[in-house]
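First up is the structure itself, then whatever we jot down about it.
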Amino acid sequence: MAKDSTGRTGEPPVLKPWPKRPARLAQAVMESLTDTIVSGAIPPGSTLPVEPELCETFGVSRITIREAVKSLEAKGLVLARQGYGTTVTPPEEWNLLDPVVLAATVQHDDQLVVLDQLVDIRSTLEAQMTAQAATLATDDDLRDIERLLARLDEETTVPARFIETDVAFHDRILQASHNRLGRSIIRILHAQARTTFLYNGTPDATACERANEEHRAVAERLLARDSDGAAQAMAAHIQSAWSRRRLPNVGSPPS
């Protein structure tokens, strides 16, 4: 089999048609191609199959394919140039804050490289925002945080319910920081991370109890209006909770 200048074979990537035709065609094509690119099936520097092949594979019109490719280009995944085709860009160019790109990246993050980075970013940013909440939270904010903490106390034996309330507890603290941009960034990162087992693990009642001890330390510092203490407690909680969930012997341990 002939190889190109990068050493790859000239075989086209394997693209599978859908078992059922989706309603939003361009969006579905874009998501399928995003997953194929992020998985490495179409590596950086390679070109996408030509329009007629994509039309045949997905059973859609050229207009639909062009719309999907434009969306891929907006996400930084490909670069379309007249006469050169549509080339897959290096991962450094991909917009990881785009929900579709981030979701695909997390799903294929077998070595936990991106998830480790995500936890580090979340730990740093959420700690800073918890410090802000210690100063800016209203009495109503603090009462809501206490109520959520009490709910978590009741739900430690029901991990599925605990996890949902855990998300609400963290988000209520972010809301109390009045940092809208920071809250949006964390919600994007966390929502996509939570779609994969690699991030969630299999928490049990013991893990929930440990997490809630850490939640209580955060809440106590917030109620005391201790910015530094609240930030330190939140950073320690996020990193400790990840170290408990993180699969052993995969990639490098979190810093």
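Each chain of the structure tokens is named A, B, ... in the order shown, its residues numbered from 1; ligands are numbered from 1 in display order.
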Selection: 8 Å around Leu222 of chain A, only C-alpha atoms, excl. self and same-chain fewer than 2 positions, as a VMD selection string:
chain A and resid 130 133 to 134 142 218 to 220 224 to 227 230
DSSP says alpha helix (DSSP H) for which residues of segment 93-154 of chain A? Put them as a VMD selection string?
chain A and resid 99 to 107 113 to 136 139 to 154
Put those residues in a file: C-alpha atoms, as a PDB file, in the first residue's frame.
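The resulting file, part-v1.pdb, is shown below:
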ATOM      1  CA  PRO A  99     -19.277  21.561  23.707  1.00  0.00           C
ATOM      2  CA  VAL A 100     -19.192  19.154  20.729  1.00  0.00           C
ATOM      3  CA  VAL A 101     -15.390  19.207  20.477  1.00  0.00           C
ATOM      4  CA  LEU A 102     -14.944  18.912  24.240  1.00  0.00           C
ATOM      5  CA  ALA A 103     -17.436  16.032  24.483  1.00  0.00           C
ATOM      6  CA  ALA A 104     -15.640  14.077  21.751  1.00  0.00           C
ATOM      7  CA  THR A 105     -12.234  14.836  23.271  1.00  0.00           C
ATOM      8  CA  VAL A 106     -13.313  13.636  26.703  1.00  0.00           C
ATOM      9  CA  GLN A 107     -14.855  10.467  25.267  1.00  0.00           C
ATOM     10  CA  VAL A 113      -4.536  13.806  29.730  1.00  0.00           C
ATOM     11  CA  VAL A 114      -7.376  16.226  29.018  1.00  0.00           C
ATOM     12  CA  LEU A 115      -9.343  15.213  32.110  1.00  0.00           C
ATOM     13  CA  ASP A 116      -6.308  15.866  34.319  1.00  0.00           C
ATOM     14  CA  GLN A 117      -5.958  19.283  32.707  1.00  0.00           C
ATOM     15  CA  LEU A 118      -9.686  19.926  33.092  1.00  0.00           C
ATOM     16  CA  VAL A 119      -9.541  19.132  36.810  1.00  0.00           C
ATOM     17  CA  ASP A 120      -6.527  21.416  37.274  1.00  0.00           C
ATOM     18  CA  ILE A 121      -8.296  24.284  35.512  1.00  0.00           C
ATOM     19  CA  ARG A 122     -11.523  23.675  37.381  1.00  0.00           C
ATOM     20  CA  SER A 123      -9.669  23.502  40.714  1.00  0.00           C
ATOM     21  CA  THR A 124      -7.844  26.784  40.120  1.00  0.00           C
ATOM     22  CA  LEU A 125     -10.805  28.726  38.769  1.00  0.00           C
ATOM     23  CA  GLU A 126     -13.380  27.373  41.186  1.00  0.00           C
ATOM     24  CA  ALA A 127     -11.102  28.041  44.148  1.00  0.00           C
ATOM     25  CA  GLN A 128     -10.734  31.663  43.047  1.00  0.00           C
ATOM     26  CA  MET A 129     -14.494  31.998  42.634  1.00  0.00           C
ATOM     27  CA  THR A 130     -15.103  30.416  46.050  1.00  0.00           C
ATOM     28  CA  ALA A 131     -12.856  33.097  47.526  1.00  0.00           C
ATOM     29  CA  GLN A 132     -14.985  35.708  45.755  1.00  0.00           C
ATOM     30  CA  ALA A 133     -18.151  34.077  47.113  1.00  0.00           C
ATOM     31  CA  ALA A 134     -16.803  34.322  50.660  1.00  0.00           C
ATOM     32  CA  THR A 135     -16.738  38.085  50.213  1.00  0.00           C
ATOM     33  CA  LEU A 136     -19.707  38.715  47.921  1.00  0.00           C
ATOM     34  CA  ASP A 139     -27.209  35.954  53.350  1.00  0.00           C
ATOM     35  CA  ASP A 140     -29.682  34.262  50.984  1.00  0.00           C
ATOM     36  CA  ASP A 141     -26.763  32.754  49.048  1.00  0.00           C
ATOM     37  CA  LEU A 142     -25.277  31.316  52.214  1.00  0.00           C
ATOM     38  CA  ARG A 143     -28.624  29.926  53.386  1.00  0.00           C
ATOM     39  CA  ASP A 144     -29.084  28.151  50.043  1.00  0.00           C
ATOM     40  CA  ILE A 145     -25.595  26.668  50.296  1.00  0.00           C
ATOM     41  CA  GLU A 146     -26.347  25.423  53.817  1.00  0.00           C
ATOM     42  CA  ARG A 147     -29.625  23.863  52.633  1.00  0.00           C
ATOM     43  CA  LEU A 148     -27.832  22.025  49.837  1.00  0.00           C
ATOM     44  CA  LEU A 149     -25.199  20.807  52.287  1.00  0.00           C
ATOM     45  CA  ALA A 150     -27.975  19.426  54.517  1.00  0.00           C
ATOM     46  CA  ARG A 151     -29.467  17.607  51.499  1.00  0.00           C
ATOM     47  CA  LEU A 152     -26.066  16.124  50.733  1.00  0.00           C
ATOM     48  CA  ASP A 153     -25.874  14.838  54.311  1.00  0.00           C
ATOM     49  CA  GLU A 154     -29.136  12.976  53.730  1.00  0.00           C
TER      50      GLU A 154
END
Any idea what's packed within 9 Å of Glu155 of chain A, counting only C-alpha atoms, ignoring anything in its chain fewer than 5 positions away? Could you give it as a PDB file with C-alpha atoms, in the first residue's frame?
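Once everything was written out, this is result-v1.pdb:
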ATOM      1  CA  ALA A 150     -27.975  19.426  54.517  1.00  0.00           C
ATOM      2  CA  ALA A 160     -26.899   8.821  42.191  1.00  0.00           C
ATOM      3  CA  ARG A 161     -28.889  11.492  44.041  1.00  0.00           C
ATOM      4  CA  PHE A 162     -25.794  12.724  45.894  1.00  0.00           C
ATOM      5  CA  ILE A 163     -23.962  13.378  42.622  1.00  0.00           C
ATOM      6  CA  THR A 165     -27.001  17.577  44.491  1.00  0.00           C
ATOM      7  CA  ALA A 205     -21.464   5.717  50.075  1.00  0.00           C
ATOM      8  CA  CYS A 208     -19.859  10.378  49.169  1.00  0.00           C
TER       9      CYS A 208
END
From the list A:Val167, A:Ala137, A:Leu112, A:Leu223, which residue is nearest Leu247 of chain A when using only C-alpha atoms?
A:Leu112
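Proximity to Glu31 of chain A at 12 Å, evaluated using only C-alpha atoms and with sequence-adjacent residues fewer than 4 positions away removed, yields Pro22, Arg24, Leu25, Ala26, Gln27, Asp35, Thr36, Ile37, Val38, Ile65, Ala68, Val69, Ser71, Leu72, Lys75, Leu77, Asp98, Pro99, Val100, Val101, Leu102, Ala103, Ala104 and Thr105 of chain A.
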Emit the selected residues as a PDB file, in the first residue's frame, including C-alpha atoms.
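What follows is the written file out_23.pdb:
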ATOM      1  CA  PRO A  22     -31.393  12.004  11.927  1.00  0.00           C
ATOM      2  CA  ARG A  24     -30.981  17.776  11.967  1.00  0.00           C
ATOM      3  CA  LEU A  25     -28.763  16.569   9.165  1.00  0.00           C
ATOM      4  CA  ALA A  26     -25.942  19.119   9.094  1.00  0.00           C
ATOM      5  CA  GLN A  27     -25.578  18.985  12.897  1.00  0.00           C
ATOM      6  CA  ASP A  35     -15.897  12.272  16.594  1.00  0.00           C
ATOM      7  CA  THR A  36     -14.008  10.709  13.675  1.00  0.00           C
ATOM      8  CA  ILE A  37     -11.417  13.504  13.687  1.00  0.00           C
ATOM      9  CA  VAL A  38     -10.941  13.631  17.454  1.00  0.00           C
ATOM     10  CA  ILE A  65     -22.108  18.609   3.744  1.00  0.00           C
ATOM     11  CA  ALA A  68     -21.320  20.680   8.303  1.00  0.00           C
ATOM     12  CA  VAL A  69     -17.788  21.414   7.057  1.00  0.00           C
ATOM     13  CA  SER A  71     -19.197  24.245  11.296  1.00  0.00           C
ATOM     14  CA  LEU A  72     -16.095  22.048  11.628  1.00  0.00           C
ATOM     15  CA  LYS A  75     -14.570  24.858  15.677  1.00  0.00           C
ATOM     16  CA  LEU A  77     -11.031  21.196  13.451  1.00  0.00           C
ATOM     17  CA  ASP A  98     -16.906  24.125  22.109  1.00  0.00           C
ATOM     18  CA  PRO A  99     -19.277  21.561  23.707  1.00  0.00           C
ATOM     19  CA  VAL A 100     -19.192  19.154  20.729  1.00  0.00           C
ATOM     20  CA  VAL A 101     -15.390  19.207  20.477  1.00  0.00           C
ATOM     21  CA  LEU A 102     -14.944  18.912  24.240  1.00  0.00           C
ATOM     22  CA  ALA A 103     -17.436  16.032  24.483  1.00  0.00           C
ATOM     23  CA  ALA A 104     -15.640  14.077  21.751  1.00  0.00           C
ATOM     24  CA  THR A 105     -12.234  14.836  23.271  1.00  0.00           C
TER      25      THR A 105
END
Please report, as a PyMOL selection string, each residue of segment 43-218 of chain A to which DSSP assigns strand (DSSP E) when run on this structure's backbone.
chain A and resi 78-81+85-88
Output N, CA, C and O atoms of each residue in that selection to a file, as a PDB file, in the first residue's frame.
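Dumped to part24.pdb:
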ATOM      1  N   VAL A  78     -10.869  21.815  11.117  1.00  0.00           N
ATOM      2  CA  VAL A  78     -10.412  21.659   9.735  1.00  0.00           C
ATOM      3  C   VAL A  78     -10.119  23.027   9.130  1.00  0.00           C
ATOM      4  O   VAL A  78     -10.581  24.061   9.633  1.00  0.00           O
ATOM      5  N   LEU A  79      -9.389  22.981   8.025  1.00  0.00           N
ATOM      6  CA  LEU A  79      -9.122  24.186   7.249  1.00  0.00           C
ATOM      7  C   LEU A  79      -9.445  23.869   5.797  1.00  0.00           C
ATOM      8  O   LEU A  79      -8.852  22.959   5.206  1.00  0.00           O
ATOM      9  N   ALA A  80     -10.423  24.577   5.237  1.00  0.00           N
ATOM     10  CA  ALA A  80     -10.826  24.365   3.848  1.00  0.00           C
ATOM     11  C   ALA A  80     -10.126  25.383   2.961  1.00  0.00           C
ATOM     12  O   ALA A  80     -10.220  26.586   3.192  1.00  0.00           O
ATOM     13  N   ARG A  81      -9.412  24.886   1.945  1.00  0.00           N
ATOM     14  CA  ARG A  81      -8.712  25.770   1.007  1.00  0.00           C
ATOM     15  C   ARG A  81      -9.023  25.346  -0.420  1.00  0.00           C
ATOM     16  O   ARG A  81      -8.971  24.144  -0.735  1.00  0.00           O
ATOM     17  N   GLY A  85      -8.521  20.964  -0.855  1.00  0.00           N
ATOM     18  CA  GLY A  85      -9.443  20.166  -0.067  1.00  0.00           C
ATOM     19  C   GLY A  85      -9.583  20.693   1.348  1.00  0.00           C
ATOM     20  O   GLY A  85      -9.163  21.813   1.670  1.00  0.00           O
ATOM     21  N   THR A  86     -10.157  19.873   2.192  1.00  0.00           N
ATOM     22  CA  THR A  86     -10.388  20.245   3.586  1.00  0.00           C
ATOM     23  C   THR A  86      -9.465  19.423   4.466  1.00  0.00           C
ATOM     24  O   THR A  86      -9.587  18.196   4.548  1.00  0.00           O
ATOM     25  N   THR A  87      -8.530  20.097   5.133  1.00  0.00           N
ATOM     26  CA  THR A  87      -7.473  19.429   5.890  1.00  0.00           C
ATOM     27  C   THR A  87      -7.763  19.473   7.390  1.00  0.00           C
ATOM     28  O   THR A  87      -8.178  20.508   7.924  1.00  0.00           O
ATOM     29  N   VAL A  88      -7.525  18.372   8.054  1.00  0.00           N
ATOM     30  CA  VAL A  88      -7.673  18.310   9.510  1.00  0.00           C
ATOM     31  C   VAL A  88      -6.520  19.064  10.159  1.00  0.00           C
ATOM     32  O   VAL A  88      -5.349  18.849   9.823  1.00  0.00           O
TER      33      VAL A  88
END
